[in-house]
>>> print(open('final.cif').read())   # mmCIF, C-alpha atoms
data_protein
loop_
_atom_site.label_atom_id
_atom_site.label_comp_id
_atom_site.auth_asym_id
_atom_site.auth_seq_id
_atom_site.Cartn_x
_atom_site.Cartn_y
_atom_site.Cartn_z
CA MET A 6 71.40 80.90 109.09
CA VAL A 7 70.56 82.89 112.22
CA SER A 8 67.82 85.45 112.76
CA ASP A 9 68.27 89.21 112.59
CA ARG A 10 67.81 89.38 116.35
CA ALA A 11 70.53 86.78 116.87
CA LEU A 12 72.83 88.82 114.63
CA ASN A 13 72.10 91.86 116.79
CA VAL A 14 72.99 89.75 119.83
CA LEU A 15 76.27 88.85 118.12
CA ARG A 16 77.02 92.53 117.44
CA VAL A 17 76.45 93.37 121.10
CA ILE A 18 78.68 90.52 122.24
CA VAL A 19 81.46 91.62 119.89
CA GLN A 20 81.22 95.29 120.85
CA ASP A 21 80.98 94.64 124.60
CA PHE A 22 83.82 92.13 124.55
CA ILE A 23 86.02 94.55 122.61
CA ASP A 24 85.28 97.26 125.17
CA SER A 25 85.58 95.19 128.36
CA SER A 26 87.52 92.00 127.48
CA GLU A 27 84.98 90.20 129.68
CA PRO A 28 82.56 87.47 128.52
CA VAL A 29 79.08 88.86 127.84
CA ALA A 30 76.05 87.36 129.63
CA SER A 31 72.47 87.09 128.37
CA LYS A 32 71.14 89.18 131.25
CA ALA A 33 73.39 92.12 130.32
CA ILE A 34 72.16 91.96 126.72
CA ALA A 35 68.48 91.72 127.69
CA GLU A 36 68.83 94.81 129.87
CA ARG A 37 70.09 96.90 126.97
CA PRO A 38 67.57 99.26 125.36
CA GLY A 39 66.06 98.09 122.10
CA PHE A 40 65.87 94.31 122.59
CA GLY A 41 62.56 94.06 124.45
CA VAL A 42 62.89 90.34 125.12
CA SER A 43 63.73 88.27 128.16
CA ALA A 44 67.12 86.92 129.14
CA ALA A 45 65.77 83.43 128.38
CA THR A 46 65.06 84.46 124.78
CA ILE A 47 68.54 85.95 124.51
CA ARG A 48 69.97 82.66 125.83
CA ASN A 49 68.17 80.81 123.02
CA ASP A 50 69.71 83.19 120.47
CA MET A 51 73.11 82.70 122.04
CA ALA A 52 72.67 78.93 121.82
CA LEU A 53 72.02 79.26 118.08
CA LEU A 54 75.08 81.48 117.69
CA GLU A 55 77.15 78.91 119.57
CA GLU A 56 75.87 76.12 117.31
CA GLU A 57 77.04 78.19 114.34
CA ASP A 58 80.48 78.59 115.99
CA LEU A 59 80.03 82.38 116.15
CA ILE A 60 80.45 82.62 119.93
CA ALA A 61 81.99 80.37 122.57
CA ALA A 62 82.21 79.98 126.33
CA PRO A 63 85.80 80.63 127.36
CA HIS A 64 85.49 78.72 130.66
CA THR A 65 82.53 77.71 132.77
CA SER A 66 81.34 81.33 132.72
CA ALA A 67 77.75 82.09 131.81
CA GLY A 68 79.06 84.69 129.40
CA ARG A 69 80.20 84.22 125.81
CA ILE A 70 82.92 85.70 123.64
CA PRO A 71 83.16 85.97 119.84
CA THR A 72 85.01 83.36 117.82
CA ASP A 73 87.10 84.24 114.76
CA LYS A 74 84.08 83.30 112.66
CA GLY A 75 81.92 85.58 114.80
CA TYR A 76 84.28 88.50 114.26
CA ARG A 77 84.17 87.78 110.52
CA VAL A 78 80.35 87.91 110.42
CA PHE A 79 80.46 91.11 112.49
CA VAL A 80 82.96 92.77 110.13
CA ASP A 81 81.12 91.64 107.00
CA SER A 82 77.86 93.06 108.40
CA LEU A 83 79.29 96.55 108.89
CA THR A 84 77.40 98.87 106.58
CA HIS A 85 79.55 101.88 107.42
CA HIS A 86 82.73 102.68 109.27
CA ARG A 87 82.80 104.97 112.25
CA PRO A 88 83.83 108.35 110.77
CA LEU A 89 86.92 110.10 112.05
CA THR A 90 86.38 113.34 113.88
CA SER A 91 87.20 116.60 112.15
CA ALA A 92 90.08 117.01 114.62
CA GLN A 93 91.50 113.61 113.62
CA ARG A 94 91.20 114.39 109.91
CA SER A 95 92.88 117.77 110.41
CA ALA A 96 95.68 116.15 112.41
CA ILE A 97 96.33 113.67 109.58
CA GLU A 98 96.52 116.45 107.01
CA ARG A 99 98.74 118.72 109.10
CA PHE A 100 101.16 115.95 110.02
CA LEU A 101 101.49 114.43 106.56
CA ASP A 102 101.60 117.76 104.75
CA GLN A 103 104.94 118.43 106.46
CA SER A 104 106.61 115.48 104.71
CA VAL A 105 109.38 116.21 102.23
CA ASP A 106 109.70 113.00 100.18
CA LEU A 107 108.29 109.48 99.88
CA ASP A 108 110.37 108.00 102.71
CA ASP A 109 109.37 110.79 105.07
CA THR A 110 105.72 110.55 104.01
CA LEU A 111 105.52 106.80 104.67
CA THR A 112 107.36 107.12 107.99
CA ARG A 113 104.93 109.81 109.11
CA THR A 114 101.99 107.71 107.91
CA VAL A 115 102.76 104.68 110.08
CA ARG A 116 103.41 106.88 113.11
CA MET A 117 100.12 108.70 112.62
CA LEU A 118 98.14 105.48 112.05
CA SER A 119 99.62 103.86 115.15
CA GLN A 120 98.63 106.87 117.23
CA LEU A 121 95.10 106.91 115.80
CA THR A 122 94.41 103.21 116.43
CA ASN A 123 96.71 102.19 119.30
CA GLN A 124 97.71 99.21 117.17
CA VAL A 125 100.83 98.18 115.30
CA ALA A 126 100.79 100.18 112.08
CA LEU A 127 102.45 98.84 108.94
CA ILE A 128 102.99 100.23 105.48
CA GLN A 129 104.39 98.51 102.42
CA TYR A 130 106.47 100.58 100.07
CA PRO A 131 104.72 100.89 96.71
CA SER A 132 105.83 98.43 94.09
CA PHE A 133 107.71 100.47 91.52
CA GLY A 134 107.71 97.92 88.72
CA ASN A 135 105.26 100.09 86.76
CA ALA A 136 106.86 103.43 87.66
CA ARG A 137 108.61 105.35 84.89
CA VAL A 138 111.79 107.34 85.01
CA ARG A 139 111.23 111.07 84.93
CA HIS A 140 114.86 112.19 85.18
CA VAL A 141 118.38 111.13 86.12
CA GLU A 142 120.67 113.77 87.60
CA LEU A 143 124.46 113.65 88.08
CA LEU A 144 125.82 115.91 90.82
CA PRO A 145 129.62 115.89 91.27
CA MET A 146 130.36 115.98 95.01
CA ASP A 147 134.13 116.39 94.81
CA SER A 148 137.02 115.25 92.64
CA GLU A 149 136.41 111.60 93.46
CA ARG A 150 132.64 111.13 93.79
CA VAL A 151 129.38 111.88 92.00
CA MET A 152 125.84 111.52 93.32
CA VAL A 153 123.49 109.74 90.91
CA ILE A 154 119.84 110.70 91.51
CA LEU A 155 116.91 108.78 90.04
CA ILE A 156 113.48 110.46 89.98
CA THR A 157 110.34 108.53 89.00
CA ASP A 158 106.94 109.74 87.87
CA SER A 159 105.49 108.46 91.16
CA GLY A 160 107.51 111.06 93.05
CA HIS A 161 110.15 108.74 94.44
CA VAL A 162 113.68 110.10 94.61
CA ASP A 163 116.56 107.69 95.15
CA GLN A 164 120.27 108.24 95.07
CA SER A 165 123.61 106.47 95.13
CA VAL A 166 127.20 107.66 95.26
CA VAL A 167 129.65 106.56 92.56
CA ASN A 168 133.42 106.99 92.56
CA TRP A 169 134.97 108.68 89.51
CA THR A 170 137.94 107.04 87.84
CA GLU A 171 138.99 110.56 86.90
CA THR A 172 137.32 113.93 87.21
CA PRO A 173 135.54 114.87 83.97
CA ASP A 174 134.84 118.51 83.20
CA ASP A 175 131.32 119.95 83.35
CA ALA A 176 130.79 119.57 79.62
CA VAL A 177 131.51 115.83 79.75
CA VAL A 178 129.24 115.40 82.78
CA GLY A 179 126.49 117.19 80.87
CA GLU A 180 126.94 115.00 77.80
CA ILE A 181 126.86 111.78 79.86
CA ARG A 182 123.78 113.01 81.76
CA ALA A 183 122.02 113.75 78.46
CA THR A 184 122.94 110.33 77.06
CA ILE A 185 121.62 108.51 80.13
CA ASN A 186 118.37 110.50 80.16
CA GLU A 187 117.81 109.94 76.47
CA ALA A 188 118.12 106.20 77.08
CA VAL A 189 115.88 105.92 80.16
CA MET A 190 113.39 108.79 80.33
CA GLY A 191 109.80 107.58 80.13
CA LYS A 192 110.77 103.92 80.43
CA SER A 193 109.36 101.68 83.16
CA LEU A 194 111.79 100.52 85.81
CA ASP A 195 111.42 97.00 84.45
CA ASP A 196 112.80 98.17 81.07
CA VAL A 197 115.44 100.62 82.27
CA GLN A 198 118.13 98.15 83.25
CA LEU A 199 118.35 96.67 79.76
CA ALA A 200 118.63 100.15 78.25
CA LEU A 201 121.35 101.10 80.75
CA GLN A 202 123.41 97.99 80.15
CA MET A 203 123.80 98.93 76.49
CA LEU A 204 125.29 102.36 77.23
CA PRO A 205 128.93 101.42 78.09
CA GLY A 206 129.31 99.64 74.76
CA GLN A 207 128.07 102.75 72.96
CA ALA A 208 130.43 105.11 74.81
CA SER A 209 133.79 106.23 73.46
CA PRO A 210 136.78 104.30 74.88
CA GLU A 211 137.93 107.19 77.08
CA ARG A 212 134.47 107.49 78.71
CA ARG A 213 133.56 103.81 78.88
CA GLU A 214 134.76 103.19 82.44
CA ILE A 215 133.00 106.31 83.78
CA VAL A 216 129.77 105.26 82.09
CA GLU A 217 130.12 101.70 83.41
CA ARG A 218 130.42 103.01 86.97
CA LEU A 219 127.43 105.30 86.59
CA VAL A 220 125.34 102.51 85.07
CA ASP A 221 126.34 100.20 87.93
CA GLY A 222 125.23 102.81 90.47
CA LEU A 223 121.89 103.28 88.74
CA CYS A 224 121.33 99.54 88.50
CA ARG A 225 121.95 99.21 92.27
CA THR A 226 119.36 101.91 92.84
CA LEU A 227 116.88 100.11 90.57
CA GLU A 228 117.47 96.86 92.41
CA ALA A 229 116.60 98.61 95.67
CA HIS A 230 113.23 99.49 94.11
CA ARG A 231 112.53 95.80 93.63
CA THR A 232 113.08 95.04 97.31
CA ASN A 233 109.72 94.73 99.04
CA ARG A 234 109.99 96.83 102.17
CA LEU A 235 107.82 97.39 105.19
CA LEU A 236 107.77 100.20 107.73
CA VAL A 237 106.42 99.51 111.23
CA ALA A 238 105.38 101.73 114.13
CA GLY A 239 103.76 101.07 117.49
CA ALA A 240 105.03 97.56 118.24
CA ALA A 241 104.76 98.41 121.94
CA ASN A 242 100.98 98.55 121.50
CA LEU A 243 100.99 94.81 120.84
CA VAL A 244 102.91 94.09 124.03
CA ARG A 245 100.28 96.00 126.01
CA THR A 246 97.64 93.55 124.76
CA GLU A 247 99.62 90.42 125.60
CA THR A 248 96.78 89.08 127.77
CA ASP A 249 94.73 88.65 124.58
CA PHE A 250 97.14 85.94 123.41
CA SER A 251 96.95 82.37 124.67
CA ASP A 252 100.71 81.98 124.83
CA SER A 253 103.27 84.68 124.09
CA VAL A 254 103.11 87.73 121.87
CA TYR A 255 106.78 87.47 120.94
CA PRO A 256 106.40 85.11 117.94
CA VAL A 257 104.10 87.77 116.44
CA LEU A 258 106.67 90.48 117.11
CA GLU A 259 109.36 88.32 115.50
CA ALA A 260 107.19 87.79 112.42
CA ILE A 261 106.67 91.55 112.13
CA GLU A 262 110.41 92.15 112.47
CA GLU A 263 111.29 89.52 109.87
CA GLN A 264 108.62 91.03 107.57
CA VAL A 265 108.35 88.05 105.19
CA THR A 266 105.01 86.76 106.53
CA VAL A 267 103.42 90.22 106.68
CA LEU A 268 104.68 91.21 103.22
CA LYS A 269 103.25 88.00 101.75
CA LEU A 270 99.93 88.77 103.42
CA PHE A 271 99.95 92.38 102.18
CA THR A 272 100.68 91.22 98.65
CA GLU A 273 97.63 88.95 98.82
CA MET A 274 95.49 91.82 100.15
CA GLN A 275 96.75 94.38 97.64
CA GLN A 276 94.18 95.75 95.23
CA GLY A 277 92.93 99.07 93.99
CA GLY A 278 89.92 101.03 95.15
CA ASP A 279 88.84 102.48 98.46
CA ASP A 280 87.84 99.23 100.14
CA VAL A 281 89.41 98.18 103.43
CA PHE A 282 89.89 94.49 104.13
CA ALA A 283 90.34 92.43 107.27
CA ARG A 284 92.03 89.10 107.88
CA ILE A 285 90.94 87.63 111.19
CA GLY A 286 92.62 85.05 113.40
CA ARG A 287 92.78 81.60 111.86
CA GLU A 288 92.24 83.05 108.39
CA MET A 289 96.00 83.54 108.64
CA SER A 290 98.69 81.01 109.43
CA ALA A 291 100.74 80.94 112.63
CA PRO A 292 102.18 83.03 114.18
CA LEU A 293 99.53 85.54 113.08
CA SER A 294 96.58 83.23 113.80
CA GLU A 295 95.69 85.07 117.03
CA THR A 296 95.84 88.50 115.41
CA SER A 297 93.76 90.49 112.98
CA VAL A 298 95.01 92.68 110.18
CA VAL A 299 92.97 95.57 108.77
CA ALA A 300 94.49 96.99 105.59
CA GLY A 301 93.77 99.02 102.49
CA SER A 302 95.59 99.93 99.30
CA TYR A 303 97.03 103.30 98.47
CA GLN A 304 98.39 104.50 95.17
CA SER A 305 101.58 106.30 94.23
CA GLY A 306 101.42 107.71 90.72
CA GLU A 307 99.03 106.18 88.23
CA THR A 308 99.81 102.50 88.69
CA ASP A 309 102.01 101.77 91.69
CA LEU A 310 100.19 100.25 94.64
CA GLY A 311 101.14 99.73 98.25
CA VAL A 312 99.28 98.55 101.34
CA VAL A 313 98.82 100.33 104.66
CA GLY A 314 97.19 98.76 107.69
CA VAL A 315 97.17 97.83 111.34
CA LEU A 316 97.80 94.59 113.18
CA GLY A 317 96.53 93.72 116.64
CA PRO A 318 94.70 91.07 118.65
CA THR A 319 91.41 89.75 117.29
CA ARG A 320 89.72 91.76 120.09
CA MET A 321 90.21 95.03 118.26
CA ASP A 322 87.99 97.99 117.41
CA TYR A 323 87.17 96.93 113.84
CA PRO A 324 84.88 99.87 112.91
CA GLY A 325 87.33 102.45 114.27
CA ASN A 326 90.41 100.79 112.80
CA MET A 327 88.80 100.33 109.40
CA ALA A 328 87.77 103.99 109.34
CA ALA A 329 91.30 105.12 110.28
CA VAL A 330 92.99 102.89 107.70
CA GLN A 331 90.60 104.02 104.96
CA ALA A 332 91.04 107.71 105.79
CA VAL A 333 94.84 107.46 105.93
CA ALA A 334 95.04 105.43 102.70
CA ARG A 335 92.88 107.94 100.84
CA TYR A 336 94.81 110.95 102.07
CA LEU A 337 98.13 109.22 101.37
CA THR A 338 97.07 108.60 97.77
CA ARG A 339 96.10 112.25 97.32
CA LEU A 340 99.34 113.46 98.89
CA LEU A 341 101.55 111.21 96.76
CA ASP A 342 99.60 112.30 93.70
CA VAL A 343 100.55 115.89 94.49
CA GLN A 344 104.18 115.00 95.27
CA SER A 345 104.48 113.19 91.95
CA GLY A 346 103.18 116.27 90.15
CA SER A 347 100.19 114.47 88.63
CA GLY A 348 97.45 116.05 90.70
CA GLU A 349 96.37 118.89 92.89
CA LYS A 350 95.22 119.04 96.47
#
>>> encode(input="final.cif", output="structure tokens")
Amino acid sequence: MVSDRALNVLRVIVQDFIDSSEPVASKAIAERPGFGVSAATIRNDMALLEEEDLIAAPHTSAGRIPTDKGYRVFVDSLTHHRPLTSAQRSAIERFLDQSVDLDDTLTRTVRMLSQLTNQVALIQYPSFGNARVRHVELLPMDSERVMVILITDSGHVDQSVVNWTETPDDAVVGEIRATINEAVMGKSLDDVQLALQMLPGQASPERREIVERLVDGLCRTLEAHRTNRLLVAGAANLVRTETDFSDSVYPVLEAIEEQVTVLKLFTEMQQGGDDVFARIGREMSAPLSETSVVAGSYQSGETDLGVVGVLGPTRMDYPGNMAAVQAVARYLTRLLDVQSGSGEK
């Protein structure tokens, strides 16, 4: 355990190192208002922090920099996040309010978050396993094709194009649409496929092939819902901080592009509520072990969760990034609630 004054010394070292990227010396800390002790006393505190592996000397410099453990203690000691300005909050609302559907909303969200934080912004599509089907629409496009549209209660709209074997008249299309909706409306996406697979066998022989094709198109759409997807914006921000990495930043960029490692991490961090979480440095496996991830959950509909966050070097503005992620996640939840028709702004 270290004293309250030593923890204050740690906070100063973290904040100054984040701002300057230079090791912080005891003299610079002692000269700051509020400490009222000598540089020698600060050096004793720094020695205790170093014994606890909270700070380290990068070279032979008299200054010290935070370790991953030091960043963790700093983050855990934050009692509040730096609030966004009213201009930043207004910008988030104006930009996201222009979105037209879930894909557009999430794309706008990562762009906005990257601009707010100057980090790589990432957003996981919500898991739709608990979503329920609100409606299925069939829209004939021409004599050979029909668009099959799936709408969920979480506001997601997905579509696929199916080829007709023959062109049915409007009455037949209406009957098939009604049959499909009767079978799937209100069911969770996990239960819909089984219900759909029973429909061709219940159809009359002359409609069986048409129904089979429509069911196949819907099942492809449902399978797309099961694919864990990630949107990314601001990868160039990571390249600009390459000096913060001991070797090369490119393995991190490759991991982001391949998505598997980040999606696994987001799944581990996913939970409800307004809390924002951080994974720092060696708390993650390579190639992310020289980065930090700040993330929070958002909600689409009543049950479907996704994760939104930022990734950057461990020398990042944790209070600012945590405030931005929290604000964006909260507004995203409210916006998706409105888009799904289950709430009001």
>>> closest_residue(input="final.cif", among="A:Gly239, A:Pro63, A:Gly314, A:Gly325", to="Arg116 (chain A)", atoms="all atoms listed in the file")
A:Gly239
>>> resolve_selection(input="final.cif", expression="the PyMOL selection byres ((chain A and resi 187) around 12)", output="count of residues only")
20
>>> atom_distance(input="final.cif", atom1="CA of Leu83 (chain A)", atom2="CA of Asp24 (chain A)")
17.4 Å
>>> atom_distance(input="final.cif", atom1="CA of Val162 (chain A)", atom2="CA of Leu107 (chain A)")
7.6 Å
>>> residues_around(input="final.cif", residues="region 41-54 of chain A", least_positions_apart="3", cutoff="7 Å", atoms="all atoms listed in the file", output="PDB file with C-alpha atoms, in the frame of the given file")
ATOM      1  CA  ALA A  11      70.530  86.780 116.870  1.00  0.00           C
ATOM      2  CA  SER A  31      72.470  87.090 128.370  1.00  0.00           C
ATOM      3  CA  LYS A  32      71.140  89.180 131.250  1.00  0.00           C
ATOM      4  CA  ALA A  35      68.480  91.720 127.690  1.00  0.00           C
ATOM      5  CA  GLU A  57      77.040  78.190 114.340  1.00  0.00           C
ATOM      6  CA  ASP A  58      80.480  78.590 115.990  1.00  0.00           C
ATOM      7  CA  LEU A  59      80.030  82.380 116.150  1.00  0.00           C
ATOM      8  CA  ILE A  60      80.450  82.620 119.930  1.00  0.00           C
TER       9      ILE A  60
END
>>> closest_residue(input="final.cif", among="A:Thr319, A:Tyr130, A:Val151, A:Leu227", to="Asp163 (chain A)", atoms="all atoms listed in the file")
A:Leu227
>>> build_atoms(input="final.cif", residues="region 116-137 of chain A", atoms="N, CA and C atoms", output="PDB file, in the frame of the given file")
ATOM      1  N   ARG A 116     103.465 106.281 111.772  1.00  0.00           N
ATOM      2  CA  ARG A 116     103.410 106.880 113.110  1.00  0.00           C
ATOM      3  C   ARG A 116     102.028 107.423 113.402  1.00  0.00           C
ATOM      4  N   MET A 117     101.453 108.132 112.448  1.00  0.00           N
ATOM      5  CA  MET A 117     100.120 108.700 112.620  1.00  0.00           C
ATOM      6  C   MET A 117      99.081 107.593 112.810  1.00  0.00           C
ATOM      7  N   LEU A 118      99.132 106.546 111.980  1.00  0.00           N
ATOM      8  CA  LEU A 118      98.140 105.480 112.050  1.00  0.00           C
ATOM      9  C   LEU A 118      98.234 104.720 113.369  1.00  0.00           C
ATOM     10  N   SER A 119      99.441 104.511 113.851  1.00  0.00           N
ATOM     11  CA  SER A 119      99.620 103.860 115.150  1.00  0.00           C
ATOM     12  C   SER A 119      99.008 104.689 116.272  1.00  0.00           C
ATOM     13  N   GLN A 120      99.201 105.997 116.212  1.00  0.00           N
ATOM     14  CA  GLN A 120      98.630 106.870 117.230  1.00  0.00           C
ATOM     15  C   GLN A 120      97.109 106.911 117.166  1.00  0.00           C
ATOM     16  N   LEU A 121      96.551 106.864 115.954  1.00  0.00           N
ATOM     17  CA  LEU A 121      95.100 106.910 115.800  1.00  0.00           C
ATOM     18  C   LEU A 121      94.415 105.648 116.315  1.00  0.00           C
ATOM     19  N   THR A 122      95.068 104.490 116.162  1.00  0.00           N
ATOM     20  CA  THR A 122      94.410 103.210 116.430  1.00  0.00           C
ATOM     21  C   THR A 122      94.913 102.498 117.675  1.00  0.00           C
ATOM     22  N   ASN A 123      96.070 102.913 118.198  1.00  0.00           N
ATOM     23  CA  ASN A 123      96.710 102.190 119.300  1.00  0.00           C
ATOM     24  C   ASN A 123      96.997 100.740 118.935  1.00  0.00           C
ATOM     25  N   GLN A 124      97.315 100.526 117.667  1.00  0.00           N
ATOM     26  CA  GLN A 124      97.710  99.210 117.170  1.00  0.00           C
ATOM     27  C   GLN A 124      99.091  99.314 116.534  1.00  0.00           C
ATOM     28  N   VAL A 125      99.618  98.176 116.112  1.00  0.00           N
ATOM     29  CA  VAL A 125     100.830  98.180 115.300  1.00  0.00           C
ATOM     30  C   VAL A 125     100.437  98.645 113.907  1.00  0.00           C
ATOM     31  N   ALA A 126     101.072  99.685 113.428  1.00  0.00           N
ATOM     32  CA  ALA A 126     100.790 100.180 112.080  1.00  0.00           C
ATOM     33  C   ALA A 126     101.894  99.722 111.138  1.00  0.00           C
ATOM     34  N   LEU A 127     101.500  99.350 109.923  1.00  0.00           N
ATOM     35  CA  LEU A 127     102.450  98.840 108.940  1.00  0.00           C
ATOM     36  C   LEU A 127     102.147  99.457 107.588  1.00  0.00           C
ATOM     37  N   ILE A 128     103.192  99.740 106.849  1.00  0.00           N
ATOM     38  CA  ILE A 128     102.990 100.230 105.480  1.00  0.00           C
ATOM     39  C   ILE A 128     104.024  99.599 104.569  1.00  0.00           C
ATOM     40  N   GLN A 129     103.539  99.106 103.450  1.00  0.00           N
ATOM     41  CA  GLN A 129     104.390  98.510 102.420  1.00  0.00           C
ATOM     42  C   GLN A 129     104.768  99.588 101.427  1.00  0.00           C
ATOM     43  N   TYR A 130     106.055  99.659 101.112  1.00  0.00           N
ATOM     44  CA  TYR A 130     106.470 100.580 100.070  1.00  0.00           C
ATOM     45  C   TYR A 130     105.751 100.225  98.770  1.00  0.00           C
ATOM     46  N   PRO A 131     105.380 101.214  97.978  1.00  0.00           N
ATOM     47  CA  PRO A 131     104.720 100.890  96.710  1.00  0.00           C
ATOM     48  C   PRO A 131     105.644 100.099  95.802  1.00  0.00           C
ATOM     49  N   SER A 132     105.050  99.195  95.056  1.00  0.00           N
ATOM     50  CA  SER A 132     105.830  98.430  94.090  1.00  0.00           C
ATOM     51  C   SER A 132     106.084  99.335  92.887  1.00  0.00           C
ATOM     52  N   PHE A 133     107.360  99.510  92.554  1.00  0.00           N
ATOM     53  CA  PHE A 133     107.710 100.470  91.520  1.00  0.00           C
ATOM     54  C   PHE A 133     107.935  99.832  90.148  1.00  0.00           C
ATOM     55  N   GLY A 134     107.491  98.581  90.004  1.00  0.00           N
ATOM     56  CA  GLY A 134     107.710  97.920  88.720  1.00  0.00           C
ATOM     57  C   GLY A 134     107.072  98.659  87.560  1.00  0.00           C
ATOM     58  N   ASN A 135     105.958  99.376  87.826  1.00  0.00           N
ATOM     59  CA  ASN A 135     105.260 100.090  86.760  1.00  0.00           C
ATOM     60  C   ASN A 135     105.613 101.570  86.721  1.00  0.00           C
ATOM     61  N   ALA A 136     106.456 102.027  87.671  1.00  0.00           N
ATOM     62  CA  ALA A 136     106.860 103.430  87.660  1.00  0.00           C
ATOM     63  C   ALA A 136     107.744 103.697  86.448  1.00  0.00           C
ATOM     64  N   ARG A 137     107.768 104.959  86.028  1.00  0.00           N
ATOM     65  CA  ARG A 137     108.610 105.350  84.890  1.00  0.00           C
ATOM     66  C   ARG A 137     109.597 106.404  85.325  1.00  0.00           C
TER      67      ARG A 137
END
